[in-house]
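Just below is one structure, and these are the notes that go with it.
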Amino acid sequence: MPFALYMLALAVFVMGTSEFMLAGLLPAIATELDVSVGTAGLLTSAFAVGLVVGAPVMAAFARRWPPRLTLIVCLLVFAGSHVIGAMTPVFSLLLITRVLSALANAGLLAVALSTATTLVPANQKGRALSILLSGTTIATVVGVPAGALLGTALGWRTTFWAIAILCIPAAVGVIRGVTNNVGRSETSATSPRLRVELSQLATPRLILAMVLGALINGGTFAAFTFLAPIVTETAGLAEAWVSVALVMFGIGSFLGVTIAGRLSDQRPGLVLAVGGPLLLTGWIVLAVVASHPVALIVLVLVQGFLSFGVGSTLITRVLYAASGAPTMGGSYATAALNIGAAAGPVLGALGLATGLGLLAPVWVASVLTAIALVIMLLTRRALTKTAAEAN
């Protein structure tokens, strides 16, 4: 695989760490800025909304720019937002910096997805995607726990400074690894008009892949967001085990993305036919045995593996279905990912509000996964066309 792919994965790692790190920092932020924890939670919501909106907007705005320029601009905006966030004593300004960070994150991921698929043969999009998304999964294994420890030891502002500093090697890697004669610059003169690329959103195959990707990712984030109280209250483990559970989930997700990436190009039907039912079964079993600590930790690893294996395969299907939108396809995949990431926690919270108990988000994940499986079963042939058939 090209060196540039790994440099893009480094940039995705930095941004993934920032996206997930707030889970352990909200109480400290709320205390220092004199707001409630619920209000501080708006920082997470603002980031999610910025990701959903930012992917297509940023991709459309910069579609004629060379990919390296777009990636560097996104990294600079991202770093600058974290510097301001680390210095401000005003919550409203911190909220604005999270929106700007999300826009930069969305723009980088959308361009990185489009660029990554041009760096490899047409039938290896899944493998390229697995390398790129490994940046996110490694962030959950290494970046998020490290950020939480750093924030606990030196304060939440130190974590923001650390993210800004990590943007420097990511930018250097992009400058060295991504040249202006690859990616979108190759097709800038011949790519379809923006109106034509946007019209691809009306094609049933693309809509199908995006909906399924959002459903699976929504289920994943519904359960993942509320994992901490399940570990400490349902399973009765000490708070330190929350980090262990998060690391196990991250390891599973890394393995899932990596293994699925080797199969999702030529054998997507196999991944979905086997992984989908196992994913649903896993959520149900987790809800039933969550009070048993060993079983819970093992299932967290397994569900990380299955959810990211199935989810990344579906996002690969988005990229294949959006082959007629070479500069916007990455933004469609990014939007599908982040619609799920934004809606899943909301649905999980609604489940908790109904009084169904701490396991309500896991049952929400089960329902979303079941809906996705029914749709997959009804549309299997259209969804799993190979690269050759798609072209």
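Following the order of the structure tokens, chains are lettered A, B, ..., residues in each are numbered from 1, and ligands are numbered from 1.
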
Practice task
Write out as a list in words which residues come within 12 Å of Leu26 in chain A when counting only C-alpha atoms, dropping same-chain ones fewer than 4 positions away.
Solution key: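 Neighbouring residues, sequence-local ones excluded: Phe20, Met21, Leu22, Ala30, Thr31, Glu32, Leu33, Asp34, Val35, Ser36, Val37, Gly38, Thr39, Ala40, Gly41, Leu42, Leu43, Thr44, Phe91, Ala148, Gly151, Thr152, Gly155, Trp156 and Arg157 of chain A.
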
Handout entry: Polymer residues at most 12 Å from Gly143 in chain A, only C-alpha atoms, same-chain spacing of 2 or more positions, as a ChimeraX atom specification
Key = /A:10,12-22,135-141,145-151,159,162-163,166,243,246-247,250

Handout entry: Non-local contacts of Leu296 in chain A (9 Å; only C-alpha atoms; under 3 positions in same chain excluded) as a list in words
Key = Val231, Ala235, Ala245, Leu286, Ala287, Val289, Ala290, Ser291, His292, Pro293, Leu299, Val300 and Leu301 of chain A

Handout entry: Pro345 in chain A environment, 12 Å, only C-alpha atoms, sequence neighbours closer than 3 positions dropped, as JSON, numbers by chain
Key = {"A": [41, 44, 45, 48, 217, 218, 219, 220, 221, 222, 223, 224, 225, 226, 227, 338, 339, 340, 341, 342, 348, 349, 350, 351, 352, 360, 361, 362, 364, 365]}

Exercise for the section: Using only C-alpha atoms, pick whichever of A:Leu212, A:Ile96, A:Val346, A:Leu314 has the shortest atom-to-atom distance to Ala372 in chain A. Expected result: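 For Ala372 in chain A, the nearest of the given residues is A:Leu212.
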
Practice task
Mind checking which residues fall within 9 Å of range 2-6 of chain A, counting only C-alpha atoms, ignoring those fewer than 4 positions away in the same chain, and posting them as a PyMOL selection string?
Solution key: chain A and resi 10-11+112+115-116+119-120+128+131-132+135+173-174+176-179

Handout entry: Which of range 56-262 of chain A fall in alpha helix (DSSP H), as a PyMOL selection string
Key = chain A and resi 56-61+67-87+91-118+125-138+144-154+156-177+184-187+194-199+204-225+227-229+240-261

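A straight line drawn from CA of Ser81 in chain A to CA of Thr97 in chain A is 5.0 Å long.
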
Problem - Non-local contacts of range 277-279 of chain A (12 Å; only C-alpha atoms; under 3 positions in same chain excluded) as number ranges by chain - result: A: 216-217, 219-220, 256, 270-274, 282-286, 299-311, 362, 365-374, 376-377

Writer output for current selection, C-alpha atoms, as a CSV table (one decimal), in the first residue's frame:
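For reference, selection-v7.csv as written:
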chain,number,residue,atom,x,y,z
A,216,ILE,CA,-24.9,0.1,11.7
A,217,ASN,CA,-22.8,3.0,12.9
A,219,GLY,CA,-26.1,1.1,16.7
A,220,THR,CA,-22.4,1.1,17.4
A,256,GLY,CA,-12.5,-5.7,12.3
A,270,LEU,CA,-19.7,-12.9,2.7
A,271,VAL,CA,-18.7,-10.2,5.2
A,272,LEU,CA,-22.3,-8.9,5.5
A,273,ALA,CA,-24.0,-12.3,5.4
A,274,VAL,CA,-21.8,-13.7,8.2
A,282,GLY,CA,-23.7,-10.1,19.9
A,283,TRP,CA,-25.7,-7.0,21.0
A,284,ILE,CA,-28.5,-9.2,22.3
A,285,VAL,CA,-26.1,-11.5,24.2
A,286,LEU,CA,-24.3,-8.5,25.6
A,299,LEU,CA,-18.2,-9.2,24.2
A,300,VAL,CA,-17.0,-5.6,24.1
A,301,LEU,CA,-14.0,-6.9,22.1
A,302,VAL,CA,-16.1,-9.0,19.9
A,303,GLN,CA,-18.7,-6.3,19.2
A,304,GLY,CA,-15.9,-3.8,18.3
A,305,PHE,CA,-14.6,-6.4,15.8
A,306,LEU,CA,-18.0,-7.1,14.3
A,307,SER,CA,-19.4,-3.5,14.2
A,308,PHE,CA,-16.4,-2.0,12.5
A,309,GLY,CA,-16.0,-5.0,10.2
A,310,VAL,CA,-19.6,-4.7,9.0
A,311,GLY,CA,-19.6,-0.9,9.1
A,362,VAL,CA,-27.6,-1.8,23.8
A,365,ALA,CA,-28.2,-1.0,19.0
A,366,SER,CA,-30.0,-4.3,18.5
A,367,VAL,CA,-33.0,-2.7,17.0
A,368,LEU,CA,-31.0,-0.6,14.5
A,369,THR,CA,-28.9,-3.6,13.5
A,370,ALA,CA,-32.0,-5.7,13.0
A,371,ILE,CA,-33.5,-3.1,10.7
A,372,ALA,CA,-30.3,-3.0,8.8
A,373,LEU,CA,-30.3,-6.8,8.4
A,374,VAL,CA,-33.8,-6.8,7.1
A,376,MET,CA,-29.7,-6.1,3.5
A,377,LEU,CA,-31.7,-9.3,3.1

Fill in the blank from the handout: Using only C-alpha atoms, the residue out of A:Gly276, A:Gly107, A:Gly330, A:Gly261 with shortest distance to Met210 in chain A is A:Gly330

Problem - Close residues, Leu108 in chain A itself excluded, 12 Å, only C-alpha atoms, min 2 positions apart in chain, as a count of residues only - result: 50
